[in-house]
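Here is the file target05.pdb (PDB, C-alpha atoms).
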```
ATOM      1  CA  MET C   1      15.844  33.798  74.715
ATOM      2  CA  LYS C   2      19.599  34.144  74.293
ATOM      3  CA  PHE C   3      21.829  35.482  71.554
ATOM      4  CA  GLY C   4      24.962  34.274  69.795
ATOM      5  CA  VAL C   5      27.157  36.847  68.055
ATOM      6  CA  VAL C   6      29.495  35.460  65.392
ATOM      7  CA  VAL C   7      32.985  36.962  65.223
ATOM      8  CA  PHE C   8      34.711  36.782  61.829
ATOM      9  CA  PRO C   9      38.202  38.084  61.108
ATOM     10  CA  GLY C  10      37.399  41.689  60.218
ATOM     11  CA  SER C  11      34.137  41.964  62.178
ATOM     12  CA  ASN C  12      34.135  45.337  63.939
ATOM     13  CA  CYS C  13      30.593  45.738  65.261
ATOM     14  CA  ASP C  14      30.573  42.487  67.238
ATOM     15  CA  ARG C  15      31.337  44.173  70.587
ATOM     16  CA  ASP C  16      28.790  46.928  69.960
ATOM     17  CA  MET C  17      26.194  44.234  69.324
ATOM     18  CA  GLN C  18      27.222  42.305  72.451
ATOM     19  CA  ASP C  19      27.065  45.458  74.549
ATOM     20  CA  ALA C  20      23.641  46.475  73.221
ATOM     21  CA  LEU C  21      22.151  43.014  73.727
ATOM     22  CA  GLN C  22      23.667  42.498  77.175
ATOM     23  CA  TYR C  23      23.255  45.878  78.782
ATOM     24  CA  ASP C  24      20.404  47.532  76.881
ATOM     25  CA  LEU C  25      18.250  44.487  76.161
ATOM     26  CA  ASN C  26      19.306  42.450  79.226
ATOM     27  CA  LYS C  27      19.980  39.335  77.177
ATOM     28  CA  GLU C  28      22.447  36.509  77.617
ATOM     29  CA  VAL C  29      25.045  36.697  74.847
ATOM     30  CA  ILE C  30      27.553  34.062  73.744
ATOM     31  CA  MET C  31      30.322  35.134  71.375
ATOM     32  CA  LEU C  32      30.948  32.606  68.585
ATOM     33  CA  TRP C  33      34.325  32.377  66.832
ATOM     34  CA  HIS C  34      34.081  31.746  63.079
ATOM     35  CA  LYS C  35      36.323  28.667  63.275
ATOM     36  CA  GLU C  36      34.049  26.945  65.782
ATOM     37  CA  LYS C  37      30.877  25.230  64.686
ATOM     38  CA  ASP C  38      29.065  24.223  67.861
ATOM     39  CA  LEU C  39      25.598  25.750  68.208
ATOM     40  CA  SER C  40      24.235  22.998  70.467
ATOM     41  CA  MET C  41      23.678  25.504  73.317
ATOM     42  CA  PHE C  42      21.046  27.296  71.232
ATOM     43  CA  SER C  43      17.432  26.351  70.606
ATOM     44  CA  THR C  44      15.553  27.649  67.571
ATOM     45  CA  GLU C  45      13.903  30.209  69.878
ATOM     46  CA  ASP C  46      17.324  31.812  70.281
ATOM     47  CA  CYS C  47      18.912  34.193  67.806
ATOM     48  CA  ILE C  48      22.290  34.146  66.071
ATOM     49  CA  VAL C  49      23.548  37.571  65.006
ATOM     50  CA  LEU C  50      26.000  38.243  62.181
ATOM     51  CA  PRO C  51      27.472  41.653  63.044
ATOM     52  CA  GLY C  52      28.801  44.428  60.841
ATOM     53  CA  GLY C  53      32.370  44.869  59.711
ATOM     54  CA  PHE C  54      34.576  43.716  56.886
ATOM     55  CA  SER C  55      34.699  39.932  57.241
ATOM     56  CA  TYR C  56      37.732  38.494  55.460
ATOM     57  CA  GLY C  57      38.626  41.989  54.282
ATOM     58  CA  ASP C  58      35.610  42.086  51.929
ATOM     59  CA  TYR C  59      37.812  40.111  49.515
ATOM     60  CA  LEU C  60      36.202  39.016  46.242
ATOM     61  CA  ARG C  61      32.753  40.343  47.265
ATOM     62  CA  CYS C  62      31.428  41.477  50.650
ATOM     63  CA  GLY C  63      30.437  38.369  52.604
ATOM     64  CA  ALA C  64      31.511  35.921  49.899
ATOM     65  CA  ILE C  65      34.306  34.233  51.867
ATOM     66  CA  ALA C  66      32.594  34.349  55.285
ATOM     67  CA  ARG C  67      29.867  32.162  53.843
ATOM     68  CA  PHE C  68      32.285  29.228  53.750
ATOM     69  CA  SER C  69      33.539  29.520  57.347
ATOM     70  CA  PRO C  70      32.797  26.524  59.650
ATOM     71  CA  MET C  71      30.472  28.600  61.865
ATOM     72  CA  MET C  72      28.422  29.725  58.860
ATOM     73  CA  GLN C  73      27.726  26.086  57.923
ATOM     74  CA  SER C  74      26.192  25.660  61.395
ATOM     75  CA  VAL C  75      24.322  28.966  61.118
ATOM     76  CA  ILE C  76      22.862  27.906  57.744
ATOM     77  CA  ASP C  77      21.711  24.592  59.308
ATOM     78  CA  PHE C  78      20.317  26.493  62.306
ATOM     79  CA  ALA C  79      18.347  28.846  60.035
ATOM     80  CA  ASN C  80      17.019  25.958  57.978
ATOM     81  CA  ARG C  81      15.776  24.332  61.194
ATOM     82  CA  GLY C  82      13.808  27.508  61.923
ATOM     83  CA  GLY C  83      16.333  29.208  64.222
ATOM     84  CA  LYS C  84      16.353  32.995  64.274
ATOM     85  CA  VAL C  85      19.197  34.739  62.463
ATOM     86  CA  LEU C  86      19.770  38.497  62.226
ATOM     87  CA  GLY C  87      22.411  40.004  59.934
ATOM     88  CA  VAL C  88      23.360  43.666  60.233
ATOM     89  CA  CYS C  89      25.350  45.455  57.514
ATOM     90  CA  ASN C  90      28.168  43.019  56.643
ATOM     91  CA  GLY C  91      25.967  40.363  58.285
ATOM     92  CA  PHE C  92      23.223  41.177  55.753
ATOM     93  CA  GLN C  93      25.757  40.818  52.930
ATOM     94  CA  ILE C  94      26.840  37.425  54.322
ATOM     95  CA  LEU C  95      23.213  36.231  54.526
ATOM     96  CA  CYS C  96      22.662  37.154  50.861
ATOM     97  CA  GLU C  97      25.892  35.434  49.798
ATOM     98  CA  SER C  98      24.827  32.368  51.835
ATOM     99  CA  HIS C  99      21.485  32.282  49.971
ATOM    100  CA  LEU C 100      19.611  32.556  53.269
ATOM    101  CA  LEU C 101      18.212  35.823  51.899
ATOM    102  CA  PRO C 102      17.560  36.730  48.252
ATOM    103  CA  GLY C 103      19.250  39.565  46.365
ATOM    104  CA  VAL C 104      22.619  41.239  46.802
ATOM    105  CA  LEU C 105      24.176  44.420  48.228
ATOM    106  CA  LEU C 106      25.945  46.456  45.540
ATOM    107  CA  GLN C 107      28.331  49.391  45.800
ATOM    108  CA  ASN C 108      26.453  52.569  46.751
ATOM    109  CA  ALA C 109      25.171  54.375  43.647
ATOM    110  CA  HIS C 110      27.020  57.597  44.559
ATOM    111  CA  GLN C 111      30.327  55.663  44.912
ATOM    112  CA  GLN C 112      30.920  56.890  48.449
ATOM    113  CA  PHE C 113      31.004  55.283  51.852
ATOM    114  CA  VAL C 114      27.994  56.612  53.739
ATOM    115  CA  CYS C 115      28.163  57.082  57.525
ATOM    116  CA  LYS C 116      25.265  59.019  59.072
ATOM    117  CA  ASN C 117      21.870  58.731  60.701
ATOM    118  CA  ILE C 118      19.059  57.794  58.341
ATOM    119  CA  TYR C 119      15.357  57.194  58.867
ATOM    120  CA  MET C 120      13.625  53.931  58.111
ATOM    121  CA  LYS C 121      10.257  52.408  58.843
ATOM    122  CA  ASN C 122       8.503  49.077  59.094
ATOM    123  CA  GLY C 123       5.214  49.063  57.147
ATOM    124  CA  ASP C 124       3.188  52.069  58.264
ATOM    125  CA  GLY C 125       5.121  52.418  61.515
ATOM    126  CA  ARG C 126       6.886  55.580  62.613
ATOM    127  CA  ALA C 127      10.194  56.723  61.130
ATOM    128  CA  LEU C 128      13.079  55.335  63.196
ATOM    129  CA  LYS C 129      16.392  57.170  63.324
ATOM    130  CA  ILE C 130      19.157  54.567  62.897
ATOM    131  CA  PRO C 131      22.816  54.970  61.845
ATOM    132  CA  VAL C 132      24.183  53.485  58.620
ATOM    133  CA  ALA C 133      27.864  52.970  57.778
ATOM    134  CA  HIS C 134      28.591  51.167  54.521
ATOM    135  CA  GLY C 135      30.124  51.353  51.072
ATOM    136  CA  GLU C 136      28.149  48.456  49.596
ATOM    137  CA  GLY C 137      24.568  48.775  50.784
ATOM    138  CA  ARG C 138      22.570  49.223  47.587
ATOM    139  CA  PHE C 139      20.094  46.367  47.783
ATOM    140  CA  TYR C 140      19.319  44.844  44.411
ATOM    141  CA  ALA C 141      17.241  41.902  43.227
ATOM    142  CA  ASP C 142      15.621  41.076  39.894
ATOM    143  CA  GLU C 143      11.960  41.934  39.236
ATOM    144  CA  LYS C 144      10.709  38.426  39.955
ATOM    145  CA  THR C 145      12.442  38.347  43.347
ATOM    146  CA  LEU C 146      11.184  41.857  44.189
ATOM    147  CA  TYR C 147       7.656  40.798  43.329
ATOM    148  CA  GLU C 148       7.948  37.821  45.686
ATOM    149  CA  LEU C 149       9.450  39.967  48.456
ATOM    150  CA  GLU C 150       6.565  42.454  48.260
ATOM    151  CA  GLU C 151       3.927  39.773  47.813
ATOM    152  CA  ASN C 152       5.061  37.887  50.936
ATOM    153  CA  ASP C 153       5.634  40.983  53.084
ATOM    154  CA  GLN C 154       9.347  40.272  53.276
ATOM    155  CA  VAL C 155      10.421  43.915  53.000
ATOM    156  CA  ILE C 156      10.736  44.740  56.699
ATOM    157  CA  PHE C 157      12.381  48.183  56.500
ATOM    158  CA  ARG C 158      12.450  50.954  53.907
ATOM    159  CA  TYR C 159      14.463  54.169  53.996
ATOM    160  CA  CYS C 160      12.256  57.207  54.500
ATOM    161  CA  ASP C 161      12.502  60.821  55.591
ATOM    162  CA  GLU C 162      11.910  62.112  59.122
ATOM    163  CA  LYS C 163       8.163  62.207  58.494
ATOM    164  CA  GLY C 164       8.063  58.645  57.174
ATOM    165  CA  THR C 165       7.781  59.472  53.477
ATOM    166  CA  VAL C 166       9.650  57.057  51.223
ATOM    167  CA  ASN C 167      11.378  59.057  48.471
ATOM    168  CA  ALA C 168      14.607  59.172  46.472
ATOM    169  CA  GLY C 169      16.093  61.894  48.679
ATOM    170  CA  SER C 170      15.946  59.746  51.808
ATOM    171  CA  ASN C 171      17.553  56.718  50.151
ATOM    172  CA  PRO C 172      21.232  56.766  51.269
ATOM    173  CA  ASN C 173      22.650  54.307  48.745
ATOM    174  CA  GLY C 174      20.314  53.921  45.779
ATOM    175  CA  ALA C 175      18.754  50.680  47.053
ATOM    176  CA  ILE C 176      16.014  49.424  44.765
ATOM    177  CA  ARG C 177      12.554  50.423  46.098
ATOM    178  CA  SER C 178      14.334  52.035  49.080
ATOM    179  CA  ILE C 179      14.791  48.624  50.685
ATOM    180  CA  ALA C 180      16.806  48.789  53.927
ATOM    181  CA  GLY C 181      15.988  45.334  55.320
ATOM    182  CA  ILE C 182      14.285  42.096  54.333
ATOM    183  CA  SER C 183      13.353  38.743  55.822
ATOM    184  CA  ASN C 184      13.267  35.285  54.309
ATOM    185  CA  ARG C 185       9.964  33.714  53.303
ATOM    186  CA  ALA C 186       9.621  31.795  56.596
ATOM    187  CA  GLY C 187      10.258  34.962  58.617
ATOM    188  CA  ASN C 188      13.087  33.641  60.810
ATOM    189  CA  VAL C 189      16.047  35.241  58.980
ATOM    190  CA  TRP C 190      16.419  39.035  58.813
ATOM    191  CA  GLY C 191      18.997  41.267  57.172
ATOM    192  CA  MET C 192      19.332  45.043  57.297
ATOM    193  CA  MET C 193      21.974  47.612  56.400
ATOM    194  CA  PRO C 194      21.247  50.101  59.246
ATOM    195  CA  HIS C 195      22.820  49.433  62.670
ATOM    196  CA  PRO C 196      20.147  49.159  65.412
ATOM    197  CA  GLU C 197      22.833  48.162  67.952
ATOM    198  CA  ARG C 198      24.284  51.681  67.706
ATOM    199  CA  ALA C 199      21.026  53.215  68.931
ATOM    200  CA  THR C 200      19.869  51.283  71.995
ATOM    201  CA  SER C 201      21.255  53.376  74.830
ATOM    202  CA  ALA C 202      20.097  56.659  76.349
ATOM    203  CA  ALA C 203      23.781  57.474  76.873
ATOM    204  CA  LEU C 204      24.214  57.520  73.092
ATOM    205  CA  GLY C 205      21.252  59.864  72.680
ATOM    206  CA  ASN C 206      19.170  57.552  70.549
ATOM    207  CA  GLN C 207      17.097  54.510  71.526
ATOM    208  CA  ASP C 208      15.215  53.956  68.282
ATOM    209  CA  GLY C 209      17.270  50.784  67.846
ATOM    210  CA  LEU C 210      15.250  49.190  70.656
ATOM    211  CA  GLU C 211      12.180  49.544  68.416
ATOM    212  CA  VAL C 212      13.944  47.516  65.756
ATOM    213  CA  PHE C 213      14.498  44.624  68.163
ATOM    214  CA  LYS C 214      10.851  44.932  69.235
ATOM    215  CA  ILE C 215       9.618  44.799  65.645
ATOM    216  CA  LEU C 216      11.669  41.632  65.105
ATOM    217  CA  GLU C 217      10.225  40.269  68.351
ATOM    218  CA  LEU C 218      13.711  39.882  69.751
ATOM    219  CA  TYR C 219      12.883  42.187  72.635
ATOM    220  CA  GLY C 220       9.362  41.533  73.813
ATOM    221  CA  THR C 221      10.235  39.189  76.639
ATOM    222  CA  VAL C 222      12.498  41.629  78.463
ATOM    223  CA  ALA C 223       9.711  43.234  80.466
ATOM    224  CA  ALA C 224       8.315  39.810  81.338
ATOM    225  CA  GLU C 225      11.755  38.592  82.415
ATOM    226  CA  LYS C 226      12.266  41.669  84.578
ATOM    227  CA  GLN C 227       8.852  41.116  86.117
ATOM    228  CA  GLU C 228       9.766  37.493  86.866
ATOM    229  CA  LEU C 229      13.018  38.598  88.426
ATOM    230  CA  ALA C 230      11.269  41.228  90.555
ATOM    231  CA  THR C 231       8.763  38.633  91.758
ATOM    232  CA  ALA C 232      11.525  36.139  92.557
ATOM    233  CA  LEU C 233      13.355  38.719  94.638
TER     234      LEU C 233
ATOM    235  CA  MET P   1      48.350  18.305  33.150
ATOM    236  CA  THR P   2      48.219  21.844  34.488
ATOM    237  CA  TYR P   3      45.864  24.244  32.765
ATOM    238  CA  ASN P   4      46.098  27.993  32.991
ATOM    239  CA  VAL P   5      42.602  29.300  33.075
ATOM    240  CA  GLN P   6      41.583  32.935  32.984
ATOM    241  CA  ILE P   7      38.200  33.965  34.274
ATOM    242  CA  LYS P   8      36.580  37.285  33.510
ATOM    243  CA  VAL P   9      33.902  38.405  35.962
ATOM    244  CA  MET P  10      31.824  41.431  34.927
ATOM    245  CA  PRO P  11      28.843  43.260  36.407
ATOM    246  CA  LEU P  12      25.571  42.401  34.602
ATOM    247  CA  LYS P  13      24.875  44.746  31.697
ATOM    248  CA  ASP P  14      21.683  46.200  33.196
ATOM    249  CA  LEU P  15      23.321  47.098  36.504
ATOM    250  CA  LEU P  16      24.748  50.486  37.358
ATOM    251  CA  ASP P  17      28.520  50.146  37.822
ATOM    252  CA  PRO P  18      29.545  53.078  40.079
ATOM    253  CA  GLN P  19      33.245  52.254  39.747
ATOM    254  CA  GLY P  20      33.039  52.369  35.950
ATOM    255  CA  LYS P  21      31.120  55.623  36.153
ATOM    256  CA  ALA P  22      33.795  57.204  38.367
ATOM    257  CA  ILE P  23      36.528  56.121  35.946
ATOM    258  CA  LEU P  24      34.554  57.498  32.989
ATOM    259  CA  GLY P  25      34.465  60.852  34.789
ATOM    260  CA  GLY P  26      38.233  60.633  35.318
ATOM    261  CA  LEU P  27      38.867  59.884  31.646
ATOM    262  CA  GLN P  28      36.747  62.840  30.605
ATOM    263  CA  ASN P  29      38.682  65.101  32.977
ATOM    264  CA  LEU P  30      41.841  63.780  31.367
ATOM    265  CA  GLY P  31      40.531  64.940  27.991
ATOM    266  CA  ILE P  32      39.928  61.476  26.560
ATOM    267  CA  SER P  33      36.398  62.390  25.591
ATOM    268  CA  SER P  34      35.903  59.691  22.981
ATOM    269  CA  VAL P  35      35.328  57.070  25.710
ATOM    270  CA  GLN P  36      31.586  56.577  26.039
ATOM    271  CA  ASP P  37      31.294  53.935  28.737
ATOM    272  CA  VAL P  38      33.458  52.088  31.281
ATOM    273  CA  ARG P  39      32.627  48.851  33.085
ATOM    274  CA  VAL P  40      34.932  47.388  35.727
ATOM    275  CA  GLY P  41      35.174  43.699  36.509
ATOM    276  CA  LYS P  42      37.685  41.164  37.776
ATOM    277  CA  HIS P  43      40.283  39.082  36.015
ATOM    278  CA  ILE P  44      41.073  35.887  37.918
ATOM    279  CA  THR P  45      43.688  33.321  36.895
ATOM    280  CA  LEU P  46      43.552  29.720  38.062
ATOM    281  CA  GLN P  47      46.061  26.907  37.697
ATOM    282  CA  ILE P  48      44.122  23.685  37.526
ATOM    283  CA  ASP P  49      45.558  20.167  37.632
ATOM    284  CA  ALA P  50      43.244  17.912  35.669
ATOM    285  CA  PRO P  51      43.510  14.849  33.413
ATOM    286  CA  GLY P  52      41.982  16.735  30.485
ATOM    287  CA  GLU P  53      40.567  20.072  29.349
ATOM    288  CA  GLU P  54      37.007  18.959  29.919
ATOM    289  CA  GLU P  55      37.669  18.230  33.618
ATOM    290  CA  ALA P  56      39.585  21.493  33.998
ATOM    291  CA  ARG P  57      36.701  23.404  32.421
ATOM    292  CA  LYS P  58      34.274  21.692  34.760
ATOM    293  CA  ALA P  59      36.328  22.726  37.811
ATOM    294  CA  ALA P  60      36.654  26.319  36.537
ATOM    295  CA  ASP P  61      32.939  26.465  35.846
ATOM    296  CA  GLU P  62      32.053  25.208  39.331
ATOM    297  CA  ALA P  63      34.490  27.648  40.960
ATOM    298  CA  SER P  64      33.046  30.537  38.937
ATOM    299  CA  LYS P  65      29.471  29.611  39.662
ATOM    300  CA  LYS P  66      29.839  28.886  43.383
ATOM    301  CA  LEU P  67      32.379  31.442  44.553
ATOM    302  CA  LEU P  68      34.166  33.618  42.001
ATOM    303  CA  SER P  69      30.993  35.281  40.714
ATOM    304  CA  ASN P  70      27.530  36.019  42.069
ATOM    305  CA  PRO P  71      24.928  35.446  39.338
ATOM    306  CA  VAL P  72      22.592  38.026  40.883
ATOM    307  CA  MET P  73      25.046  40.789  39.943
ATOM    308  CA  GLU P  74      27.712  39.328  37.640
ATOM    309  CA  PHE P  75      28.419  37.060  34.679
ATOM    310  CA  TYR P  76      31.637  35.230  33.886
ATOM    311  CA  GLU P  77      33.611  33.958  30.906
ATOM    312  CA  ILE P  78      36.247  31.231  31.027
ATOM    313  CA  GLU P  79      39.290  31.206  28.740
ATOM    314  CA  PHE P  80      42.097  28.626  28.438
ATOM    315  CA  VAL P  81      45.489  30.120  27.696
ATOM    316  CA  ASN P  82      47.826  27.135  27.190
TER     317      ASN P  82
END
```
Would you write the structure of this file as structure tokens?
Amino acid sequence: MKFGVVVFPGSNCDRDMQDALQYDLNKEVIMLWHKEKDLSMFSTEDCIVLPGGFSYGDYLRCGAIARFSPMMQSVIDFANRGGKVLGVCNGFQILCESHLLPGVLLQNAHQQFVCKNIYMKNGDGRALKIPVAHGEGRFYADEKTLYELEENDQVIFRYCDEKGTVNAGSNPNGAIRSIAGISNRAGNVWGMMPHPERATSAALGNQDGLEVFKILELYGTVAAEKQELATAL
Amino acid sequence: MTYNVQIKVMPLKDLLDPQGKAILGGLQNLGISSVQDVRVGKHITLQIDAPGEEEARKAADEASKKLLSNPVMEFYEIEFVN
């Protein structure tokens, strides 16, 4: 399984993502410039990542202009063919604007940019400590959409406290139902506001981000690959 | 014919508008206490070349729907000025 990381003008977490995938997850990574559109080197088992940042200066609305870039047309096709796509922070906003994910990310309820470690969890899993850094991260969708998201288990991460309790105090931006990350109905497109790529290295003092890649099954084969390599040697 | 079209994009009425809330606080600090609510949106002007107003309206409507506004969070109104 290999990864493609899309670079938009204004992306600023693309190198962090590349570094985390290459050195902490031992994956092959290909950087993809937004003006290109060739994804022929990827199979649907591979994963395209839309990194964080401020694509196109966040003009008009976060992610609104990036949606129309040549590479995004290919990414939308790739996702519709069943290819895996992960959007982090600005990448999540782009996926919502591209209609690959439902809902929208609104300005944080407290009007401030929030940059700190938060806790989030997948289902009944343990609380994972992951950094957030955003001004527009308040997930919102209408009641009908929320009902569908819950009904189809598409809410993959919710903000919680250190003990795993979901409450208003642990919600960093006022997101509806404390939603931190969702998937599409088919389960091949994921978006989340927190930055798992900033927490994959022991040198950074936090490896909870590795859990995130495991939960999304973007990690599982690493051990097997290492085993294969060891056997080959 | 060139049409000058003005498009107003506003956050949906049910949604919290943090920017409007911050401005309301500022106005109250300024002593203008009669202001009860503030909502902040966008004002976008387009120059559209079209054979008639109907075509121009169609283009403005498509632009508003597909890019200038996001119906999940905003609504828009189109106004012709010439």
Worksheet item: So what do you get for CA of Leu39 in chain C versus CA of Arg15 in chain C, distance-wise?
Response: 19.4 Å
Discussion item. Within 9 Å of chain C, which residues belong to chain P? Use only C-alpha atoms and report them as a PyMOL selection string.
Written reply: chain P and resi 16-19+21-22+42+67-70+72-73
Discussion item. Using Å and a single decimal, report how far CA of Asn184 in chain C sits from CA of Asn117 in chain C.
Written reply: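 One can read the CA of Asn117 in chain C to CA of Asn184 in chain C distance as 25.8 Å.
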Discussion item. With all atoms listed in the file as the counted atoms, please give the residues lying no more than 6 Å from Gly181 in chain C, apart from itself and same-chain residues fewer than 5 positions off, as a list of chain:residue names.
Written reply: C:Ile156, C:Phe157, C:Gly191, C:Met192
Worksheet item: Written as a ChimeraX atom specification, what is the full residue list that the PyMOL selection byres ((chain C and resi 119-136) around 7) yields on the file shown?
Response: /C:105-108,112-118,137-138,156-164,193-196,198-199,208-209
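The space between CA of Ile7 in chain P and CA of Glu77 in chain P spans 5.7 Å.
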Practice prompt. Translate the PyMOL selection byres ((chain C and resi 55) around 9), as applied to the file shown, into an explicit residue set as a list in words.
Written response: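 Checked against the file, the PyMOL selection byres ((chain C and resi 55) around 9) matches Val7, Phe8, Pro9, Gly10, Ser11, Asn12, Gly52, Gly53, Phe54, Tyr56, Gly57, Asp58, Tyr59, Cys62, Gly63, Ala64, Ile65, Ala66, Asn90, Gly91 and Ile94 of chain C.
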Distance query Asp16 in chain C at most 9 Å, all atoms listed in the file, self and fewer than 5 positions along chain excluded, as a PDB file with C-alpha atoms, keeping the file's coordinate frame:
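Dumped everything to out.pdb:
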```
ATOM      1  CA  LEU C  21      22.151  43.014  73.727  1.00  0.00           C
ATOM      2  CA  PRO C  51      27.472  41.653  63.044  1.00  0.00           C
ATOM      3  CA  GLU C 197      22.833  48.162  67.952  1.00  0.00           C
ATOM      4  CA  ARG C 198      24.284  51.681  67.706  1.00  0.00           C
TER       5      ARG C 198
END
```
Worksheet entry | Given the PyMOL selection byres ((chain P and resi 52-58) around 12), the residues it picks as a ChimeraX atom specification | /P:1-7,46-51,59-65,77-82
Worksheet entry | Given all atoms listed in the file as the counted atoms, nearest of C:Ala175, C:Leu50, C:Val85, C:Ile30 to Trp190 in chain C |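 Smallest separation from Trp190 in chain C among the options: C:Val85.
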Axis-aligned box over every listed atom of range 28-44 of chain P, padded by 5 Å per side: centre and edges in Å to one decimal, as JSON?
```
{"center_x": 36.6, "center_y": 50.5, "center_z": 30.4, "size_x": 20.5, "size_y": 39.2, "size_z": 24.9}
```
